[in-house]
$ cat query_29.cif   # mmCIF, C-alpha atoms
data_my_file
loop_
_atom_site.label_atom_id
_atom_site.label_comp_id
_atom_site.auth_asym_id
_atom_site.auth_seq_id
_atom_site.Cartn_x
_atom_site.Cartn_y
_atom_site.Cartn_z
CA MET A 1 1.58 20.47 4.58
CA GLU A 2 2.48 21.94 1.17
CA ARG A 3 -0.08 23.61 -1.06
CA ILE A 4 -1.81 21.66 -3.81
CA PRO A 5 -0.28 22.95 -7.05
CA ASN A 6 -2.09 25.23 -9.45
CA LEU A 7 -3.69 22.93 -12.05
CA THR A 8 -4.89 25.66 -14.41
CA SER A 9 -2.57 24.76 -17.29
CA LEU A 10 -3.56 21.08 -17.13
CA ARG A 11 -7.25 21.95 -17.25
CA ALA A 12 -6.66 24.16 -20.27
CA ASN A 13 -5.64 21.13 -22.36
CA LEU A 14 -7.92 18.56 -20.76
CA ASP A 15 -10.43 18.20 -23.59
CA GLY A 16 -9.73 15.16 -25.73
CA TYR A 17 -7.43 13.41 -23.24
CA ASP A 18 -9.43 10.18 -23.59
CA SER A 19 -8.67 9.81 -27.31
CA ARG A 20 -5.29 11.53 -27.49
CA TYR A 21 -3.04 8.55 -26.79
CA THR A 22 -2.53 4.97 -27.89
CA ILE A 23 -2.73 2.43 -25.09
CA ASP A 24 0.59 0.64 -24.61
CA ASP A 25 -0.41 -3.01 -24.79
CA GLU A 26 3.24 -4.04 -24.37
CA HIS A 27 3.48 -2.46 -20.93
CA PRO A 28 4.01 -5.05 -18.14
CA LEU A 29 0.87 -3.82 -16.36
CA PHE A 30 -1.40 -3.82 -19.43
CA ASN A 31 -3.09 -7.04 -18.27
CA ASP A 32 -2.87 -6.20 -14.56
CA PRO A 33 -5.70 -8.21 -12.93
CA LEU A 34 -8.79 -6.72 -11.33
CA VAL A 35 -9.09 -7.43 -7.62
CA ASP A 36 -11.53 -6.73 -4.81
CA PRO A 37 -9.97 -4.18 -2.39
CA ARG A 38 -11.99 -5.71 0.46
CA GLU A 39 -9.86 -8.86 0.38
CA PRO A 40 -7.82 -9.41 3.58
CA ASP A 41 -4.53 -8.64 1.82
CA PHE A 42 -5.78 -5.08 1.19
CA GLY A 43 -8.25 -4.39 3.98
CA PHE A 44 -10.55 -1.75 2.46
CA ASN A 45 -13.58 -3.38 4.03
CA ASP A 46 -15.94 -0.45 3.44
CA ALA A 47 -15.16 -0.07 -0.27
CA THR A 48 -18.21 0.19 -2.53
CA SER A 49 -18.99 0.50 -6.23
CA PHE A 50 -21.13 2.96 -8.16
CA TYR A 51 -23.86 0.42 -8.84
CA SER A 52 -24.18 -0.61 -5.20
CA LYS A 53 -25.63 2.80 -4.34
CA PRO A 54 -29.29 3.84 -4.58
CA ASN A 55 -30.28 5.77 -7.68
CA HIS A 56 -30.52 9.47 -6.86
CA ILE A 57 -33.99 9.76 -8.43
CA ILE A 58 -35.96 6.94 -6.81
CA GLY A 59 -33.60 5.57 -4.17
CA GLU A 60 -33.55 2.05 -5.63
CA ILE A 61 -30.41 -0.07 -6.04
CA PRO A 62 -30.29 -1.87 -9.40
CA PRO A 63 -30.71 -5.60 -8.67
CA GLY A 64 -28.47 -8.44 -9.72
CA ILE A 65 -25.21 -6.47 -9.98
CA PRO A 66 -22.55 -7.83 -7.61
CA ASP A 67 -21.43 -5.21 -5.10
CA ILE A 68 -17.75 -5.68 -5.87
CA PRO A 69 -15.60 -2.55 -6.44
CA LEU A 70 -13.01 -4.04 -8.76
CA ILE A 71 -9.65 -2.21 -9.09
CA ARG A 72 -6.36 -2.98 -10.84
CA LEU A 73 -3.94 -4.79 -8.55
CA ASP A 74 -1.13 -2.24 -8.88
CA VAL A 75 -3.50 0.60 -7.98
CA VAL A 76 -4.77 -1.24 -4.90
CA LYS A 77 -1.20 -1.80 -3.73
CA ARG A 78 -0.61 1.94 -4.05
CA LEU A 79 -3.75 2.64 -2.04
CA VAL A 80 -2.46 0.36 0.71
CA ARG A 81 0.66 2.54 0.97
CA ALA A 82 -1.45 5.69 1.25
CA GLU A 83 -3.67 4.04 3.87
CA LYS A 84 -0.72 3.08 6.02
CA TYR A 85 0.62 6.63 5.86
CA LEU A 86 -2.74 8.14 6.84
CA ARG A 87 -3.14 5.75 9.76
CA THR A 88 0.34 6.03 11.22
CA ASN A 89 2.06 9.28 10.26
CA PRO A 90 2.23 11.77 13.17
CA GLY A 91 1.97 14.68 10.75
CA VAL A 92 -1.48 13.50 9.67
CA ARG A 93 -2.69 13.53 13.28
CA ASP A 94 -1.15 16.95 13.80
CA SER A 95 -2.90 18.32 10.72
CA LEU A 96 -6.29 16.67 11.14
CA GLY A 97 -6.49 15.98 14.88
CA ALA A 98 -6.79 12.24 14.23
CA PRO A 99 -5.39 9.50 11.98
CA ALA A 100 -7.29 9.05 8.73
CA HIS A 101 -8.61 6.34 6.44
CA ILE A 102 -9.32 6.14 2.71
CA ARG A 103 -12.83 4.97 1.92
CA ILE A 104 -13.20 3.80 -1.67
CA ASP A 105 -16.56 5.02 -2.99
CA ASP A 106 -16.25 4.01 -6.65
CA ALA A 107 -13.97 1.96 -8.85
CA LEU A 108 -14.51 0.06 -12.12
CA ARG A 109 -17.53 0.97 -14.21
CA ALA A 110 -17.40 -1.70 -16.87
CA TYR A 111 -19.29 -1.59 -20.16
CA GLN A 112 -20.82 -5.01 -19.43
CA ILE A 113 -22.17 -3.79 -16.08
CA GLN A 114 -23.62 -0.64 -17.57
CA MET A 115 -25.31 -2.63 -20.32
CA PHE A 116 -26.67 -5.12 -17.79
CA ALA A 117 -28.06 -2.22 -15.76
CA PHE A 118 -29.68 -0.72 -18.86
CA GLU A 119 -31.14 -3.93 -20.29
CA ILE A 120 -31.93 -6.02 -17.18
CA ALA A 121 -31.58 -4.31 -13.80
CA TRP A 122 -33.39 -1.01 -14.31
CA PRO A 123 -36.27 -2.51 -16.30
CA ALA A 124 -36.76 -4.88 -13.34
CA VAL A 125 -36.91 -1.93 -10.93
CA ILE A 126 -39.37 -0.03 -13.12
CA ARG A 127 -41.62 -3.09 -13.48
CA LYS A 128 -41.64 -3.54 -9.70
CA LEU A 129 -42.67 0.09 -9.20
CA ASN A 130 -45.20 0.06 -12.08
CA PRO A 131 -46.47 -3.52 -12.67
CA SER A 132 -49.05 -2.41 -15.24
CA LEU A 133 -46.58 -0.85 -17.67
CA SER A 134 -46.04 -2.51 -21.02
CA ASP A 135 -42.54 -3.59 -22.06
CA LEU A 136 -42.47 -0.70 -24.51
CA LYS A 137 -43.24 1.86 -21.82
CA VAL A 138 -40.73 0.28 -19.45
CA ALA A 139 -38.02 0.56 -22.11
CA ALA A 140 -38.98 4.20 -22.69
CA GLN A 141 -38.47 5.00 -19.00
CA VAL A 142 -35.08 3.31 -18.56
CA PRO A 143 -33.03 6.27 -19.90
CA GLU A 144 -34.44 8.40 -17.08
CA TYR A 145 -32.41 6.31 -14.63
CA CYS A 146 -29.51 4.94 -16.64
CA ASP A 147 -27.77 6.06 -19.83
CA LYS A 148 -27.36 3.45 -22.55
CA PRO A 149 -23.63 2.74 -22.80
CA LEU A 150 -21.83 2.97 -26.11
CA LYS A 151 -19.91 -0.21 -26.83
CA TYR A 152 -16.81 1.35 -28.30
CA LEU A 153 -15.96 3.99 -25.76
CA SER A 154 -12.52 5.48 -25.45
CA PRO A 155 -10.87 4.40 -22.19
CA THR A 156 -12.16 6.89 -19.65
CA PRO A 157 -10.77 6.46 -16.10
CA HIS A 158 -13.44 4.31 -14.47
CA SER A 159 -13.78 2.06 -17.53
CA THR A 160 -10.15 0.97 -17.10
CA GLY A 161 -10.43 -0.16 -13.48
CA SER A 162 -7.45 2.00 -12.54
CA ALA A 163 -9.33 4.98 -11.11
CA VAL A 164 -11.06 5.42 -7.78
CA ASP A 165 -13.25 8.01 -6.11
CA VAL A 166 -12.49 8.28 -2.42
CA ALA A 167 -13.46 9.97 0.83
CA LEU A 168 -11.08 10.88 3.65
CA VAL A 169 -12.46 9.53 6.92
CA ASN A 170 -11.56 10.18 10.56
CA LEU A 171 -10.21 6.81 11.71
CA GLU A 172 -11.34 7.38 15.29
CA THR A 173 -14.92 8.57 14.68
CA GLY A 174 -15.73 7.20 11.22
CA VAL A 175 -16.89 10.65 10.14
CA GLU A 176 -15.75 12.06 6.80
CA PHE A 177 -13.45 15.03 6.83
CA ASP A 178 -15.04 17.97 5.04
CA LEU A 179 -13.41 18.48 1.64
CA GLY A 180 -15.48 21.55 0.91
CA SER A 181 -17.30 20.19 -2.13
CA PRO A 182 -20.46 18.08 -2.44
CA LYS A 183 -19.94 14.54 -3.70
CA GLY A 184 -20.34 14.25 -7.43
CA ASP A 185 -19.74 17.97 -7.89
CA ALA A 186 -17.47 18.59 -10.86
CA LYS A 187 -17.76 22.36 -10.63
CA GLU A 188 -15.08 24.67 -9.31
CA THR A 189 -15.32 23.76 -5.62
CA ALA A 190 -14.32 20.21 -6.60
CA TYR A 191 -11.14 21.45 -8.29
CA PRO A 192 -8.20 20.22 -6.17
CA ASP A 193 -6.64 23.72 -6.08
CA TYR A 194 -9.90 25.62 -5.43
CA TYR A 195 -9.09 26.55 -1.82
CA GLU A 196 -5.44 27.37 -2.43
CA GLY A 197 -6.22 30.94 -3.49
CA TYR A 198 -4.42 31.05 -6.83
CA GLN A 199 -7.47 32.76 -8.30
CA GLN A 200 -6.95 35.81 -6.10
CA ILE A 201 -3.99 36.85 -8.28
CA PRO A 202 -5.17 38.09 -11.70
CA GLY A 203 -4.17 35.80 -14.54
CA GLN A 204 -2.96 32.98 -12.29
CA SER A 205 -6.00 30.69 -12.34
CA ASP A 206 -8.95 29.60 -14.45
CA ILE A 207 -11.12 29.47 -11.33
CA ASN A 208 -13.77 32.17 -11.21
CA ASN A 209 -12.54 35.13 -9.16
CA SER A 210 -15.93 36.46 -8.12
CA PRO A 211 -16.48 39.16 -5.47
CA ASP A 212 -17.54 36.38 -3.08
CA GLN A 213 -14.31 34.43 -3.53
CA PRO A 214 -12.39 35.83 -0.52
CA LYS A 215 -15.40 35.08 1.68
CA GLN A 216 -15.59 31.52 0.37
CA LEU A 217 -11.90 30.90 1.05
CA SER A 218 -11.69 32.49 4.49
CA GLY A 219 -12.12 30.32 7.56
CA LYS A 220 -11.58 27.10 5.60
CA ARG A 221 -8.43 25.92 7.39
CA GLU A 222 -9.81 22.46 8.21
CA ILE A 223 -10.97 21.92 4.61
CA ILE A 224 -7.63 23.09 3.22
CA LEU A 225 -5.68 20.75 5.51
CA ALA A 226 -7.92 17.76 4.75
CA ARG A 227 -7.49 18.33 1.03
CA ARG A 228 -3.75 18.70 1.31
CA VAL A 229 -3.41 15.56 3.43
CA LEU A 230 -5.50 13.53 0.98
CA TYR A 231 -3.66 14.92 -2.03
CA PHE A 232 -0.23 14.25 -0.50
CA ALA A 233 -1.11 10.71 0.56
CA MET A 234 -2.54 9.80 -2.83
CA THR A 235 0.04 11.50 -5.04
CA GLU A 236 3.32 11.55 -3.14
CA ILE A 237 2.90 8.38 -1.06
CA ALA A 238 0.79 6.26 -3.41
CA GLY A 239 2.11 7.71 -6.67
CA LEU A 240 -1.37 8.20 -8.09
CA ASN A 241 -2.55 11.20 -10.11
CA VAL A 242 -5.42 13.48 -9.17
CA SER A 243 -8.16 14.51 -11.58
CA THR A 244 -7.72 18.19 -12.41
CA ILE A 245 -11.41 18.78 -11.68
CA LYS A 246 -12.16 16.40 -8.76
CA ILE A 247 -10.27 16.33 -5.47
CA ARG A 248 -11.80 12.91 -4.72
CA HIS A 249 -10.64 11.18 -7.94
CA TYR A 250 -7.24 9.46 -8.37
CA GLY A 251 -5.78 6.98 -10.79
CA LYS A 252 -2.73 5.53 -12.47
CA GLY A 253 -2.12 4.19 -15.96
CA ASP A 254 -5.33 5.41 -17.61
CA PRO A 255 -5.23 8.21 -20.22
CA LEU A 256 -6.36 10.93 -17.81
CA SER A 257 -3.82 9.97 -15.15
CA GLU A 258 -0.97 9.79 -17.61
CA TYR A 259 -1.95 13.15 -19.10
CA VAL A 260 -1.82 14.68 -15.60
CA SER A 261 1.49 12.97 -14.81
CA GLY A 262 3.07 14.25 -18.01
CA SER A 263 4.11 10.77 -19.15
CA ASN A 264 1.48 10.80 -21.94
CA HIS A 265 1.94 7.03 -21.95
CA PRO A 266 -1.21 5.22 -20.73
CA TYR A 267 -1.12 1.46 -20.39
CA TYR A 268 -4.61 0.58 -19.13
CA GLY A 269 -7.36 0.28 -21.71
CA ILE A 270 -10.99 -0.64 -21.17
CA ALA A 271 -11.02 -3.44 -18.61
CA ASP A 272 -12.47 -6.88 -19.28
CA LEU A 273 -14.50 -8.29 -16.41
CA PRO A 274 -13.31 -11.58 -14.88
CA GLN A 275 -15.27 -14.61 -16.03
CA TRP A 276 -16.66 -15.31 -12.54
CA TYR A 277 -18.19 -11.82 -12.54
CA LEU A 278 -19.71 -12.31 -15.98
CA ASP A 279 -21.15 -15.61 -14.77
CA LYS A 280 -22.92 -13.79 -11.94
CA LEU A 281 -24.47 -11.37 -14.42
CA SER A 282 -25.52 -14.29 -16.64
CA GLU A 283 -27.28 -15.95 -13.70
CA MET A 284 -29.42 -12.87 -13.26
CA THR A 285 -30.11 -12.61 -16.98
CA ASP A 286 -31.32 -16.22 -17.11
CA GLU A 287 -33.76 -15.83 -14.24
#

$ encode --input "query_29.cif" --output "structure tokens"
Amino acid sequence: MERIPNLTSLRANLDGYDSRYTIDDEHPLFNDPLVDPREPDFGFNDATSFYSKPNHIIGEIPPGIPDIPLIRLDVVKRLVRAEKYLRTNPGVRDSLGAPAHIRIDDALRAYQIQMFAFEIAWPAVIRKLNPSLSDLKVAAQVPEYCDKPLKYLSPTPHSTGSAVDVALVNLETGVEFDLGSPKGDAKETAYPDYYEGYQQIPGQSDINNSPDQPKQLSGKREIILARRVLYFAMTEIAGLNVSTIKIRHYGKGDPLSEYVSGSNHPYYGIADLPQWYLDKLSEMTDE
């Protein structure tokens, strides 16, 4: 399995990617629909969304938000190709000791959902935990659990519905392959090329070349292979683009992805939620 390329030069110009380009609203995929990857045509039955997970502070799941990890149709089709490769390619078994599976851990994070969480869902959780609090004190506590979204955001990856965070899972045991970086970690160990050793050559990498680096990289063969298999499946087979700072994050058509690809031609802007999803949120708001 080939090395993951050195992404140093892409990271050097990463700042401002989200406002650097104009979204191509004439592109044929501009209005690509949002779909649920758990539908039978796609088969990602264990896919989840960010808001279906317990808050890391108090362990509560915000109520009233449908657990539906919406993704652009074209991106899901690409994920299906990667999934087939991971399940059936003999080289994957040779590298990992078993066939593999993509588990989708996050997808669309829509403005409407974030606002619902801020205004409705988290206040409900706080009131349940502290029934005696006044509305004013409840509102003051909400930012501890959920940031208030800005309405006019530039199209960051998850706001477009064309980006996913994934795990690579052993298809036979259901256990995640170790990617050598804690989930949610955007520090150097999460960099896709962290374990490739480019930083051991002076001037070749922006990754910190500390005295402990050789120790951190040695004996990591299983991690290196798992990363390379995931990267190859998602980029070469699926045609997606990796985040330069997160081995678990891939997308297509959003400004970050098209910066990484070199096309500099994004065609997915901030996604609008389907009406049926908005209706579900309205039902909760009216209760």

$ atom_distance --input "query_29.cif" --atom1 "atom CA of A:Arg248" --atom2 "atom CA of A:Tyr111"
22.5 Å

$ closest_residue --input "query_29.cif" --among "A:Asn6, A:Ser162, A:Asn209, A:Asn89" --to "A:Pro69" --atoms "all atoms listed in the file"
A:Ser162

$ residues_around --input "query_29.cif" --residues "A:Pro99" --least-positions-apart "2" --cutoff "8 Å" --atoms "only C-alpha atoms" --output "list in words"
Leu86, Arg87, Thr88, Asn89, Val92, Arg93, Leu96, Gly97, His101, Asn170, Leu171 and Glu172 of chain A

$ atom_distance --input "query_29.cif" --atom1 "atom CA of A:Tyr85" --atom2 "atom CA of A:Arg228"
13.6 Å

$ atom_distance --input "query_29.cif" --atom1 "atom CA of A:Val80" --atom2 "atom CA of A:Pro33"
16.4 Å

$ closest_residue --input "query_29.cif" --among "A:Thr156, A:Arg227, A:Ala100, A:Asn241" --to "A:Tyr21" --atoms "only C-alpha atoms"
A:Thr156

$ resolve_selection --input "query_29.cif" --expression "the PyMOL selection byres ((chain A and resi 72) around 7)" --output "list in words"
Asp32, Pro33, Leu34, Val35, Ile71, Leu73, Asp74, Val75, Val76, Gly161 and Ser162 of chain A

$ resolve_selection --input "query_29.cif" --expression "the PyMOL selection byres ((chain A and resi 121-125) around 8)" --output "list of chain:residue names"
A:Glu60, A:Pro62, A:Pro63, A:Gly64, A:Ile65, A:Phe116, A:Ala117, A:Phe118, A:Glu119, A:Ile120, A:Ile126, A:Arg127, A:Lys128, A:Leu129, A:Val138, A:Ala139, A:Val142, A:Tyr145, A:Cys146

$ resolve_selection --input "query_29.cif" --expression "the PyMOL selection byres ((chain A and resi 232) around 10)" --output "PyMOL selection string"
chain A and resi 1-4+82+85-86+226-231+233-240

$ closest_residue --input "query_29.cif" --among "A:Ala98, A:Val260, A:Leu79, A:Leu273" --to "A:Gln114" --atoms "all atoms listed in the file"
A:Leu273

$ residues_around --input "query_29.cif" --residues "A:Asp106" --least-positions-apart "2" --cutoff "12 Å" --atoms "all atoms listed in the file" --output "PyMOL selection string"
chain A and resi 36-37+46-53+67-71+102-104+108-110+157-159+161-167+183-184+248-251

$ closest_residue --input "query_29.cif" --among "A:Ser263, A:Ser154, A:Thr244, A:Asn208" --to "A:Asp193" --atoms "all atoms listed in the file"
A:Thr244

$ closest_residue --input "query_29.cif" --among "A:Val242, A:Ile247, A:Leu256, A:Leu136" --to "A:Leu168" --atoms "only C-alpha atoms"
A:Ile247

$ axis_aligned_box --input "query_29.cif" --around "stretch 262-269 of chain A" --padding-each-side "4 Å" --output "JSON"
{"center_x": -1.6, "center_y": 7.3, "center_z": -20.0, "size_x": 19.5, "size_y": 22.0, "size_z": 11.9}

$ residues_around --input "query_29.cif" --residues "A:Glu222" --least-positions-apart "2" --cutoff "9 Å" --atoms "only C-alpha atoms" --output "list of chain:residue names"
A:Ser95, A:Leu96, A:Phe177, A:Asp178, A:Leu179, A:Gly219, A:Lys220, A:Ile224, A:Leu225, A:Ala226, A:Arg227
